[in-house]
>>> print(open('start-v8.txt').read())   # compact mmCIF, C-alpha atoms
# COMPACT_ATOMS: atom_id res chain seq x y z
CA MET A 1 15.91 -36.86 -12.11
CA MET A 2 16.68 -33.31 -13.31
CA HIS A 3 14.45 -30.45 -12.24
CA ARG A 4 14.02 -27.20 -14.07
CA VAL A 5 14.62 -24.18 -11.84
CA ASP A 6 12.04 -21.45 -12.02
CA PRO A 7 14.04 -18.21 -11.67
CA MET A 8 11.08 -16.40 -10.14
CA ASN A 9 10.76 -19.01 -7.41
CA ASP A 10 13.34 -21.70 -6.74
CA THR A 11 11.47 -25.02 -6.82
CA GLU A 12 14.36 -27.46 -6.75
CA GLY A 13 13.17 -28.76 -3.38
CA ARG A 14 16.19 -27.60 -1.40
CA PRO A 15 15.48 -26.81 2.28
CA ARG A 16 14.21 -23.31 2.86
CA THR A 17 14.31 -21.33 6.10
CA GLY A 18 12.13 -18.47 7.20
CA TRP A 19 14.92 -16.08 6.21
CA GLY A 20 14.92 -17.26 2.59
CA VAL A 21 17.26 -15.23 0.38
CA LEU A 22 18.39 -13.17 3.39
CA THR A 23 20.71 -16.05 4.27
CA GLN A 24 22.86 -14.96 1.30
CA ARG A 25 25.49 -12.47 2.46
CA ASP A 26 25.58 -10.32 -0.68
CA PHE A 27 21.81 -10.07 -0.94
CA ARG A 28 21.65 -9.22 2.77
CA LEU A 29 24.12 -6.36 2.29
CA LEU A 30 22.15 -5.11 -0.71
CA TRP A 31 18.93 -5.36 1.29
CA VAL A 32 20.31 -3.53 4.34
CA GLY A 33 21.95 -0.80 2.28
CA GLU A 34 18.89 -0.09 0.20
CA SER A 35 16.57 -0.24 3.20
CA VAL A 36 18.62 2.43 4.99
CA SER A 37 18.90 4.53 1.85
CA GLY A 38 15.15 4.12 1.29
CA LEU A 39 14.53 5.51 4.76
CA GLY A 40 16.48 8.61 3.83
CA ASN A 41 14.67 8.94 0.50
CA SER A 42 11.30 8.77 2.21
CA VAL A 43 12.42 11.56 4.53
CA THR A 44 13.41 13.68 1.53
CA VAL A 45 10.06 13.15 -0.23
CA VAL A 46 8.39 15.01 2.64
CA ALA A 47 11.26 17.29 3.68
CA LEU A 48 11.83 19.01 0.32
CA PRO A 49 8.18 20.10 -0.16
CA LEU A 50 7.99 21.16 3.49
CA ILE A 51 11.14 23.25 3.07
CA ALA A 52 9.65 24.87 -0.03
CA VAL A 53 6.28 25.55 1.63
CA GLU A 54 7.38 26.56 5.14
CA VAL A 55 10.86 28.06 4.66
CA LEU A 56 10.50 29.60 1.19
CA ASP A 57 6.67 30.11 1.18
CA ALA A 58 6.40 28.48 -2.26
CA ASP A 59 3.09 27.92 -4.06
CA SER A 60 1.91 24.55 -5.43
CA THR A 61 3.33 25.23 -8.90
CA ALA A 62 6.79 25.63 -7.38
CA VAL A 63 6.30 22.46 -5.32
CA GLY A 64 5.23 20.64 -8.51
CA LEU A 65 8.37 21.90 -10.27
CA LEU A 66 10.47 20.60 -7.40
CA ALA A 67 8.81 17.18 -7.58
CA ALA A 68 9.27 17.11 -11.36
CA ALA A 69 12.99 17.86 -11.07
CA VAL A 70 13.59 14.76 -8.94
CA TRP A 71 12.37 12.52 -11.78
CA LEU A 72 14.37 13.94 -14.67
CA PRO A 73 14.65 11.04 -17.17
CA TRP A 74 17.88 10.26 -18.99
CA LEU A 75 17.36 8.40 -22.28
CA PRO A 76 20.79 6.78 -22.91
CA VAL A 77 21.34 5.69 -19.33
CA GLY A 78 20.35 2.04 -19.84
CA ALA A 79 22.68 1.40 -22.76
CA TRP A 80 25.40 3.30 -20.91
CA VAL A 81 24.82 1.27 -17.72
CA ASP A 82 25.05 -1.93 -19.79
CA ARG A 83 28.65 -0.97 -20.60
CA MET A 84 29.63 -0.44 -16.97
CA ARG A 85 30.08 -2.43 -13.79
CA LYS A 86 26.93 -1.93 -11.75
CA ARG A 87 28.28 -1.81 -8.20
CA PRO A 88 30.87 1.01 -8.66
CA LEU A 89 28.25 3.04 -10.51
CA MET A 90 25.72 2.63 -7.68
CA ILE A 91 28.34 3.60 -5.09
CA ALA A 92 29.16 6.76 -7.07
CA CYS A 93 25.45 7.64 -7.31
CA ASP A 94 25.06 7.27 -3.53
CA LEU A 95 27.99 9.60 -2.86
CA VAL A 96 26.83 12.25 -5.36
CA ALA A 97 23.29 12.28 -3.95
CA GLY A 98 24.57 12.50 -0.38
CA ALA A 99 26.80 15.47 -1.20
CA ALA A 100 23.94 17.27 -2.97
CA LEU A 101 21.64 16.85 0.02
CA LEU A 102 24.29 18.14 2.45
CA SER A 103 24.42 21.39 0.47
CA VAL A 104 20.84 22.27 1.51
CA PRO A 105 21.37 22.59 5.28
CA ALA A 106 24.71 24.29 4.58
CA ALA A 107 22.98 26.92 2.42
CA ALA A 108 20.17 27.31 4.95
CA TRP A 109 22.63 27.92 7.81
CA LEU A 110 24.33 30.58 5.65
CA ASP A 111 20.92 32.13 4.93
CA ALA A 112 21.49 31.54 1.21
CA LEU A 113 18.90 28.86 0.47
CA THR A 114 16.70 29.53 -2.57
CA LEU A 115 14.10 27.63 -4.57
CA GLN A 116 16.60 27.45 -7.44
CA HIS A 117 19.06 25.71 -5.12
CA LEU A 118 16.41 23.14 -4.17
CA VAL A 119 15.63 22.51 -7.85
CA VAL A 120 19.32 21.93 -8.64
CA VAL A 121 19.59 19.50 -5.72
CA ALA A 122 16.44 17.72 -6.91
CA LEU A 123 17.85 17.49 -10.45
CA THR A 124 21.14 16.09 -9.15
CA CYS A 125 19.46 13.52 -6.92
CA GLY A 126 17.01 12.61 -9.68
CA THR A 127 19.76 11.98 -12.22
CA ALA A 128 21.69 9.91 -9.67
CA ALA A 129 18.51 7.96 -8.88
CA VAL A 130 17.83 7.17 -12.56
CA CYS A 131 21.37 5.85 -13.00
CA PHE A 132 21.27 3.97 -9.69
CA ASN A 133 17.87 2.36 -10.25
CA THR A 134 18.74 1.20 -13.76
CA ALA A 135 21.91 -0.47 -12.48
CA TYR A 136 20.13 -1.78 -9.38
CA HIS A 137 17.39 -3.62 -11.29
CA SER A 138 20.01 -5.20 -13.55
CA TYR A 139 22.17 -6.12 -10.54
CA ILE A 140 19.52 -8.03 -8.54
CA PRO A 141 19.59 -11.12 -10.84
CA VAL A 142 23.40 -11.13 -10.58
CA VAL A 143 23.32 -11.09 -6.78
CA LEU A 144 20.69 -13.84 -6.64
CA ASP A 145 22.26 -15.79 -9.52
CA GLY A 146 18.93 -15.73 -11.34
CA ARG A 147 17.07 -17.63 -8.58
CA ASN A 148 14.20 -16.68 -6.28
CA LEU A 149 13.67 -13.34 -7.97
CA LEU A 150 10.04 -13.04 -6.90
CA GLU A 151 11.02 -13.64 -3.26
CA GLY A 152 14.00 -11.31 -3.51
CA ASN A 153 11.99 -8.51 -5.09
CA ALA A 154 9.23 -9.00 -2.52
CA LYS A 155 11.73 -8.63 0.35
CA LEU A 156 13.29 -5.54 -1.22
CA GLN A 157 9.87 -4.02 -1.94
CA GLY A 158 8.68 -4.91 1.57
CA SER A 159 11.67 -3.29 3.26
CA GLU A 160 11.31 -0.24 1.03
CA ALA A 161 7.67 0.10 2.04
CA ALA A 162 8.53 -0.49 5.71
CA VAL A 163 11.10 2.28 5.89
CA GLN A 164 8.74 4.57 4.00
CA VAL A 165 6.31 4.16 6.88
CA ALA A 166 8.94 5.54 9.25
CA GLY A 167 10.39 8.11 6.83
CA PRO A 168 7.51 10.55 6.34
CA GLY A 169 6.63 10.40 10.03
CA ALA A 170 10.26 11.02 10.95
CA ALA A 171 10.43 13.91 8.46
CA GLY A 172 7.32 15.48 9.97
CA LEU A 173 8.60 15.10 13.52
CA LEU A 174 12.03 16.45 12.61
CA ALA A 175 10.44 19.41 10.83
CA GLN A 176 8.20 20.06 13.85
CA ALA A 177 11.08 19.87 16.33
CA PHE A 178 14.13 21.18 14.47
CA GLY A 179 12.88 22.55 11.13
CA ALA A 180 12.39 20.81 7.79
CA VAL A 181 16.01 21.32 6.72
CA ALA A 182 17.32 19.04 9.50
CA GLY A 183 15.75 15.98 7.89
CA LEU A 184 18.12 16.13 4.93
CA LEU A 185 21.12 15.54 7.20
CA ALA A 186 19.73 12.11 8.08
CA ASP A 187 19.10 11.39 4.40
CA ALA A 188 22.71 12.20 3.44
CA VAL A 189 23.99 9.79 6.11
CA THR A 190 21.81 6.98 4.75
CA PHE A 191 23.36 7.33 1.29
CA LEU A 192 26.79 6.90 2.89
CA ILE A 193 25.63 3.73 4.68
CA SER A 194 24.26 2.37 1.40
CA ALA A 195 27.60 3.02 -0.31
CA VAL A 196 29.46 1.17 2.46
CA CYS A 197 27.14 -1.85 2.19
CA LEU A 198 27.61 -1.98 -1.59
CA GLN A 199 31.38 -1.71 -1.19
CA ARG A 200 31.45 -4.77 1.10
CA MET A 201 29.66 -7.04 -1.37
CA ARG A 202 31.72 -9.85 -2.95
CA VAL A 203 29.58 -10.93 -5.90
CA VAL A 204 31.45 -10.83 -9.21
CA GLU A 205 29.60 -9.49 -12.23
CA PRO A 206 29.89 -11.59 -15.41
CA ASP A 207 31.92 -10.30 -18.32
CA HIS A 208 30.00 -8.34 -20.90
CA THR A 209 29.51 -9.67 -24.40
CA PRO A 210 32.34 -8.11 -26.46
CA GLY A 211 30.11 -7.52 -29.48
CA ALA A 212 27.57 -5.70 -27.34
CA GLU A 213 30.24 -3.42 -25.90
CA ARG A 214 31.48 -2.48 -29.38
CA ALA A 215 27.98 -1.69 -30.61
CA PRO A 216 27.25 2.04 -31.02
CA LEU A 217 25.34 3.57 -28.13
CA ARG A 218 22.56 4.76 -30.47
CA ARG A 219 21.96 1.22 -31.74
CA GLN A 220 21.74 -0.15 -28.22
CA ILE A 221 19.14 2.48 -27.31
CA VAL A 222 17.10 1.67 -30.44
CA GLU A 223 17.22 -2.04 -29.60
CA GLY A 224 15.82 -1.39 -26.14
CA LEU A 225 13.01 0.75 -27.56
CA ARG A 226 12.26 -1.84 -30.23
CA VAL A 227 12.02 -4.73 -27.80
CA VAL A 228 9.70 -2.88 -25.42
CA GLY A 229 7.61 -1.34 -28.18
CA ARG A 230 6.81 -4.58 -29.98
CA ASP A 231 6.36 -6.98 -27.07
CA PRO A 232 2.67 -7.67 -26.17
CA TYR A 233 3.47 -7.90 -22.44
CA LEU A 234 6.14 -5.26 -21.94
CA ARG A 235 4.31 -2.63 -24.00
CA PRO A 236 1.05 -2.52 -21.96
CA MET A 237 3.02 -2.68 -18.71
CA VAL A 238 5.04 0.36 -19.78
CA THR A 239 1.90 2.17 -20.96
CA TRP A 240 0.15 1.48 -17.66
CA GLY A 241 3.25 2.54 -15.73
CA ALA A 242 3.43 5.84 -17.60
CA ALA A 243 -0.26 6.56 -17.02
CA ILE A 244 -0.32 5.61 -13.33
CA ASN A 245 2.90 7.51 -12.61
CA MET A 246 1.50 10.71 -14.12
CA ALA A 247 -1.69 10.39 -12.08
CA LEU A 248 0.08 9.43 -8.83
CA MET A 249 2.62 12.22 -9.05
CA GLY A 250 -0.12 14.68 -9.96
CA TYR A 251 -1.87 14.30 -6.63
CA GLN A 252 1.36 13.71 -4.69
CA ALA A 253 2.72 17.03 -5.95
CA VAL A 254 -0.18 18.91 -4.37
CA GLN A 255 -0.98 16.69 -1.36
CA VAL A 256 1.41 18.39 1.08
CA VAL A 257 0.09 21.85 0.17
CA PHE A 258 -3.48 20.49 0.32
CA LEU A 259 -3.00 19.01 3.78
CA VAL A 260 -1.18 22.07 5.18
CA ARG A 261 -3.21 24.92 3.65
CA THR A 262 -6.64 23.43 2.94
CA VAL A 263 -7.05 20.85 5.71
CA GLY A 264 -4.94 22.89 8.15
CA LEU A 265 -2.56 20.22 9.48
CA ASN A 266 0.83 20.66 11.13
CA PRO A 267 4.00 19.01 9.68
CA ALA A 268 3.95 16.11 12.15
CA THR A 269 0.39 15.14 11.21
CA VAL A 270 1.17 15.50 7.51
CA GLY A 271 4.12 13.14 7.87
CA LEU A 272 1.98 10.65 9.79
CA LEU A 273 -0.77 10.66 7.15
CA LEU A 274 1.72 10.16 4.33
CA THR A 275 2.88 6.92 5.93
CA SER A 276 -0.44 5.29 5.02
CA GLY A 277 0.66 4.56 1.46
CA SER A 278 3.88 2.99 2.70
CA ALA A 279 1.95 0.87 5.19
CA GLY A 280 -0.10 -0.40 2.28
CA GLY A 281 3.14 -1.12 0.47
CA ILE A 282 4.25 -3.38 3.32
CA VAL A 283 0.99 -5.34 3.20
CA GLY A 284 1.24 -5.63 -0.59
CA ALA A 285 4.80 -6.93 -0.37
CA LEU A 286 3.82 -9.51 2.25
CA LEU A 287 0.88 -10.75 0.19
CA ALA A 288 2.35 -10.55 -3.32
CA ASN A 289 4.09 -13.93 -3.38
CA GLY A 290 1.22 -15.96 -1.92
CA PHE A 291 -1.42 -14.09 -3.92
CA SER A 292 0.50 -14.67 -7.16
CA ARG A 293 0.78 -18.39 -6.41
CA ARG A 294 -2.92 -18.73 -5.69
CA PHE A 295 -4.37 -16.61 -8.50
CA GLY A 296 -1.42 -16.46 -10.93
CA THR A 297 0.95 -13.60 -11.70
CA ALA A 298 -1.19 -12.19 -14.54
CA ARG A 299 -4.64 -12.66 -13.03
CA GLY A 300 -3.48 -11.67 -9.55
CA LEU A 301 -1.98 -8.44 -10.86
CA LEU A 302 -5.21 -7.48 -12.62
CA LEU A 303 -7.39 -8.34 -9.61
CA ARG A 304 -5.25 -6.29 -7.22
CA GLN A 305 -5.21 -3.24 -9.47
CA ALA A 306 -8.95 -3.34 -10.08
CA ALA A 307 -9.63 -3.70 -6.35
CA THR A 308 -7.24 -1.02 -5.01
CA ALA A 309 -6.94 1.84 -7.54
CA PRO A 310 -10.47 3.28 -6.97
CA PHE A 311 -9.66 3.90 -3.29
CA ALA A 312 -7.63 6.92 -4.42
CA LEU A 313 -10.94 8.79 -4.74
CA LEU A 314 -11.26 8.87 -0.94
CA MET A 315 -8.31 11.25 -0.49
CA PRO A 316 -9.89 14.48 -1.84
CA LEU A 317 -12.74 14.01 0.70
CA THR A 318 -10.31 14.66 3.57
CA THR A 319 -11.15 17.30 6.15
CA ALA A 320 -9.89 17.96 9.68
CA GLY A 321 -11.10 15.49 12.27
CA PRO A 322 -12.27 11.90 11.78
CA GLU A 323 -12.30 12.39 8.00
CA LEU A 324 -8.51 12.20 8.07
CA LEU A 325 -9.09 8.43 7.98
CA LEU A 326 -10.32 8.85 4.40
CA PHE A 327 -6.89 10.05 3.29
CA ALA A 328 -5.17 7.27 5.23
CA THR A 329 -7.48 4.59 3.81
CA GLY A 330 -7.09 5.79 0.24
CA GLY A 331 -3.32 5.93 0.51
CA PHE A 332 -3.19 2.53 2.18
CA PHE A 333 -5.05 0.65 -0.57
CA VAL A 334 -3.31 2.48 -3.40
CA GLY A 335 -0.02 1.53 -1.73
CA ILE A 336 -1.03 -2.14 -1.73
CA GLY A 337 -1.75 -2.08 -5.45
CA ILE A 338 1.43 -0.27 -6.42
CA SER A 339 3.59 -2.53 -4.25
CA VAL A 340 2.16 -5.71 -5.79
CA ALA A 341 2.59 -4.30 -9.28
CA ASN A 342 6.21 -3.33 -8.64
CA ILE A 343 7.05 -6.83 -7.40
CA VAL A 344 5.25 -8.79 -10.10
CA VAL A 345 6.26 -6.58 -13.03
CA GLY A 346 9.86 -6.25 -11.83
CA SER A 347 10.26 -10.01 -11.34
CA PHE A 348 8.62 -10.72 -14.69
CA ARG A 349 10.96 -8.36 -16.51
CA GLN A 350 14.06 -9.83 -14.86
CA THR A 351 13.17 -13.39 -15.88
CA TYR A 352 11.61 -12.59 -19.26
CA CYS A 353 14.39 -10.44 -20.72
CA PRO A 354 17.78 -11.81 -21.85
CA PRO A 355 20.53 -10.79 -19.39
CA HIS A 356 22.59 -8.94 -22.01
CA LEU A 357 19.63 -6.65 -22.81
CA LEU A 358 18.07 -6.33 -19.37
CA GLY A 359 19.74 -3.00 -18.62
CA ARG A 360 18.47 -1.48 -21.85
CA VAL A 361 14.96 -2.86 -21.38
CA VAL A 362 14.86 -1.60 -17.78
CA ALA A 363 16.18 1.79 -18.87
CA THR A 364 13.67 2.06 -21.71
CA THR A 365 10.87 1.15 -19.31
CA MET A 366 12.09 3.66 -16.73
CA MET A 367 12.61 6.36 -19.33
CA ILE A 368 9.03 6.03 -20.59
CA ASN A 369 7.51 5.62 -17.14
CA HIS A 370 9.55 8.41 -15.58
CA SER A 371 8.98 10.80 -18.48
CA THR A 372 5.37 11.23 -17.34
CA ILE A 373 6.30 11.89 -13.71
CA PRO A 374 7.47 15.49 -14.30
CA VAL A 375 4.36 16.05 -16.43
CA GLY A 376 2.11 14.82 -13.64
CA SER A 377 3.99 16.79 -10.99
CA LEU A 378 3.78 20.03 -12.96
CA LEU A 379 0.16 19.38 -13.91
CA GLY A 380 -0.83 18.78 -10.29
CA GLY A 381 1.01 21.89 -9.10
CA VAL A 382 -0.45 24.15 -11.79
CA LEU A 383 -3.95 22.79 -11.22
CA GLY A 384 -3.58 23.45 -7.50
CA ASP A 385 -2.94 27.15 -8.12
CA ALA A 386 -5.46 27.42 -10.98
CA VAL A 387 -8.55 25.63 -9.61
CA GLY A 388 -7.70 25.02 -5.94
CA TYR A 389 -5.96 22.28 -4.04
CA ARG A 390 -9.00 20.08 -3.40
CA PRO A 391 -10.27 20.19 -7.03
CA ALA A 392 -6.73 19.38 -8.19
CA MET A 393 -6.74 16.33 -5.89
CA TRP A 394 -10.08 15.24 -7.40
CA ILE A 395 -8.79 15.55 -10.96
CA MET A 396 -5.57 13.63 -10.40
CA THR A 397 -7.03 10.85 -8.22
CA GLY A 398 -9.81 10.55 -10.82
CA LEU A 399 -7.09 9.57 -13.28
CA VAL A 400 -5.64 6.95 -10.92
CA ALA A 401 -8.86 4.96 -10.52
CA PRO A 402 -9.32 3.64 -14.12
CA CYS A 403 -5.65 3.09 -15.05
CA TRP A 404 -5.88 -0.67 -14.43
CA LEU A 405 -8.02 -0.98 -17.58
CA ILE A 406 -4.83 -0.58 -19.65
CA LEU A 407 -3.56 -3.88 -18.24
CA ALA A 408 -7.00 -5.47 -18.62
CA MET A 409 -6.90 -4.85 -22.38
CA SER A 410 -3.57 -6.69 -22.77
CA PRO A 411 -3.06 -10.45 -23.43
CA MET A 412 -2.66 -11.08 -19.70
CA ARG A 413 -6.45 -10.86 -19.24
CA ARG A 414 -6.71 -14.31 -20.86
CA GLU A 415 -3.88 -15.92 -18.89
CA ARG A 416 -3.33 -17.08 -15.34
CA ASP A 417 0.44 -16.50 -15.30
CA LEU A 418 2.82 -14.24 -17.15
CA PRO A 419 5.26 -16.07 -19.48
CA ARG A 420 8.72 -16.86 -18.10
CA THR A 421 10.72 -16.88 -21.33
CA TYR A 422 10.68 -14.74 -24.42
CA GLU A 423 9.75 -16.36 -27.75
CA PRO A 424 10.96 -14.07 -30.55
CA GLU A 425 9.58 -16.23 -33.35
CA ARG A 426 6.09 -16.07 -31.79
CA ILE A 427 6.04 -12.33 -31.23
CA CYS A 428 8.44 -10.34 -33.37
CA GLY A 429 11.01 -12.73 -34.78
CA THR A 430 10.52 -11.64 -38.39
CA PHE A 431 10.99 -7.98 -37.52
CA LEU A 432 14.11 -8.61 -35.44
CA THR A 433 15.61 -10.96 -38.02
CA LYS A 434 15.28 -8.39 -40.78
CA THR A 435 16.48 -5.41 -38.79
CA SER A 436 18.90 -6.88 -36.26
CA PRO A 437 19.91 -10.50 -36.91
CA SER A 438 22.41 -10.56 -34.04
CA LEU A 439 19.79 -9.40 -31.58
CA SER A 440 17.29 -12.04 -32.72
CA ALA A 441 19.90 -14.80 -32.53
CA LYS A 442 21.12 -13.76 -29.06
CA TRP A 443 17.57 -13.54 -27.74
CA ALA A 444 16.59 -16.90 -29.18
CA GLY A 445 19.72 -18.45 -27.71
CA SER A 446 19.00 -17.11 -24.24
CA SER A 447 15.33 -18.01 -24.05
CA GLY A 448 16.00 -21.37 -22.52
CA GLU A 449 18.46 -20.18 -19.88
>>> encode(input="start-v8.txt", output="structure tokens")
Amino acid sequence: MMHRVDPMNDTEGRPRTGWGVLTQRDFRLLWVGESVSGLGNSVTVVALPLIAVEVLDADSTAVGLLAAAVWLPWLPVGAWVDRMRKRPLMIACDLVAGAALLSVPAAAWLDALTLQHLVVVALTCGTAAVCFNTAYHSYIPVVLDGRNLLEGNAKLQGSEAAVQVAGPGAAGLLAQAFGAVAGLLADAVTFLISAVCLQRMRVVEPDHTPGAERAPLRRQIVEGLRVVGRDPYLRPMVTWGAAINMALMGYQAVQVVFLVRTVGLNPATVGLLLTSGSAGGIVGALLANGFSRRFGTARGLLLRQAATAPFALLMPLTTAGPELLLFATGGFFVGIGISVANIVVGSFRQTYCPPHLLGRVVATTMMINHSTIPVGSLLGGVLGDAVGYRPAMWIMTGLVAPCWLILAMSPMRRERDLPRTYEPERICGTFLTKTSPSLSAKWAGSSGE
């Protein structure tokens, strides 16, 4: 008897061990490399603002500008990534980011470090991250051969959250002991380790569709925008992602300044408090698979967002003393919700979208979602200087709490599980047939894969 394989969770009945997809060598290398790189990234998230605040005496607007620069979006990256081999591109991004980070301690030791230098480094690392992440999300299904994507994404999300627990604390301790600049040396080394792990992988990427490679770049970009814009599931997910990213980055842009200058904490305590969100991310990653099986991917996503997002309102209540637990609790529950959403939405997108368009769909999603991150970062920073750090925290966390309603107004509110295959004739087949017959035919042909 033949069994259909669910790409989000292999149900063929083959024996499974506690290690799951980690028994696969290539996935294990990807997992180790990205875990180590994630540790470095989580150090940088704290180290760069601390450098700006403590070394350069920057205000919250400048810190917001620095945070915005890291998330510079790049519109054509997805269509461009679709034309390239993913692994060499990711290796190049690791090396470029590592070199950029090494320039900061070098400039500091030469007494030549400026805010402009930090912004250029943030821009460089942000551009590398956009390219890397677009390729990375398209590469995961290749490494796993389209199987066990929910489990694979959960393990990657869990390890990312785990190292983010250690990263901010390590950044705070390094800043306390050796100065904030020292943390970036560790980050640069992690990018090198990630590049080595990627280089050792053996998985062979499939050949690209010749017709797709000959298509003009502009048309490929338009196709990605069209697919996301007209799909009843992808569109609300992207809208929610854009809204929640703006709100999250708004309070994250001012939280370091708030904790240092309003609450009066030292760098080590700041780093420790910022691990609360990552700890929540670990819990979310551990629970995502089982929760989705019990309640469904659609219903479970909505329930988690409704239950966790309002906890963000605890963070502006933080004061020195026992009230520090309010910040930790708020960050912890928000971290759970974001982690679950990243796993469920990422796995859904990887199984729902045709492989030949996945890079463009991922890039379109990231472009829209990331385009609001600089807005939120700048808004949070400006509000911090204009109305005060605590009121700015209230405003931005007040935007986080109701964002889940965007998902609640989508078709998923009526369904237990998200669909696993795209049906162009049900959703937008007429539009695609009239404007792009080849796209409609390719999508229809891949829906049963």
>>> residues_around(input="start-v8.txt", residues="Glu205 in chain A", least_positions_apart="3", cutoff="10 Å", atoms="all atoms listed in the file", output="ChimeraX atom specification")
/A:85-87,139,142-143,202,208
>>> atom_distance(input="start-v8.txt", atom1="CA of Leu30 in chain A", atom2="CA of Asp187 in chain A")
17.5 Å
>>> residues_around(input="start-v8.txt", residues="range 386-400 of chain A", least_positions_apart="5", cutoff="12 Å", atoms="all atoms listed in the file", output="PyMOL selection string")
chain A and resi 59-61+240-263+305-306+308-319+327+330-331+334+337-338+375-381+405-406
>>> closest_residue(input="start-v8.txt", among="A:Gly98, A:Gly224, A:Gly152, A:Pro419", to="Leu192 in chain A", atoms="all atoms listed in the file")
A:Gly98
>>> atom_distance(input="start-v8.txt", atom1="CA of Ile91 in chain A", atom2="CA of Val32 in chain A")
14.3 Å
>>> atom_distance(input="start-v8.txt", atom1="CA of Thr364 in chain A", atom2="CA of Arg226 in chain A")
9.5 Å
>>> closest_residue(input="start-v8.txt", among="A:Asn266, A:Ser371, A:Ser410, A:Ser37", to="Ala186 in chain A", atoms="all atoms listed in the file")
A:Ser37
>>> closest_residue(input="start-v8.txt", among="A:Ala401, A:Val203, A:Leu273, A:Ile336", to="Val46 in chain A", atoms="only C-alpha atoms")
A:Leu273
>>> closest_residue(input="start-v8.txt", among="A:Gly300, A:Gly384, A:Gly281, A:Pro105", to="Ala47 in chain A", atoms="all atoms listed in the file")
A:Pro105
>>> residues_around(input="start-v8.txt", residues="Leu286 in chain A", least_positions_apart="2", cutoff="10 Å", atoms="only C-alpha atoms", output="list in words")
Glu151, Ala154, Lys155, Gln157, Gly158, Gly280, Gly281, Ile282, Val283, Gly284, Ala288, Asn289, Gly290, Phe291, Ile336, Ser339 and Val340 of chain A
>>> closest_residue(input="start-v8.txt", among="A:Gln350, A:Ser278, A:Thr297, A:Thr44", to="Arg413 in chain A", atoms="all atoms listed in the file")
A:Thr297
>>> closest_residue(input="start-v8.txt", among="A:Gly264, A:Pro374, A:Gly64, A:Pro411", to="Asp231 in chain A", atoms="all atoms listed in the file")
A:Pro411
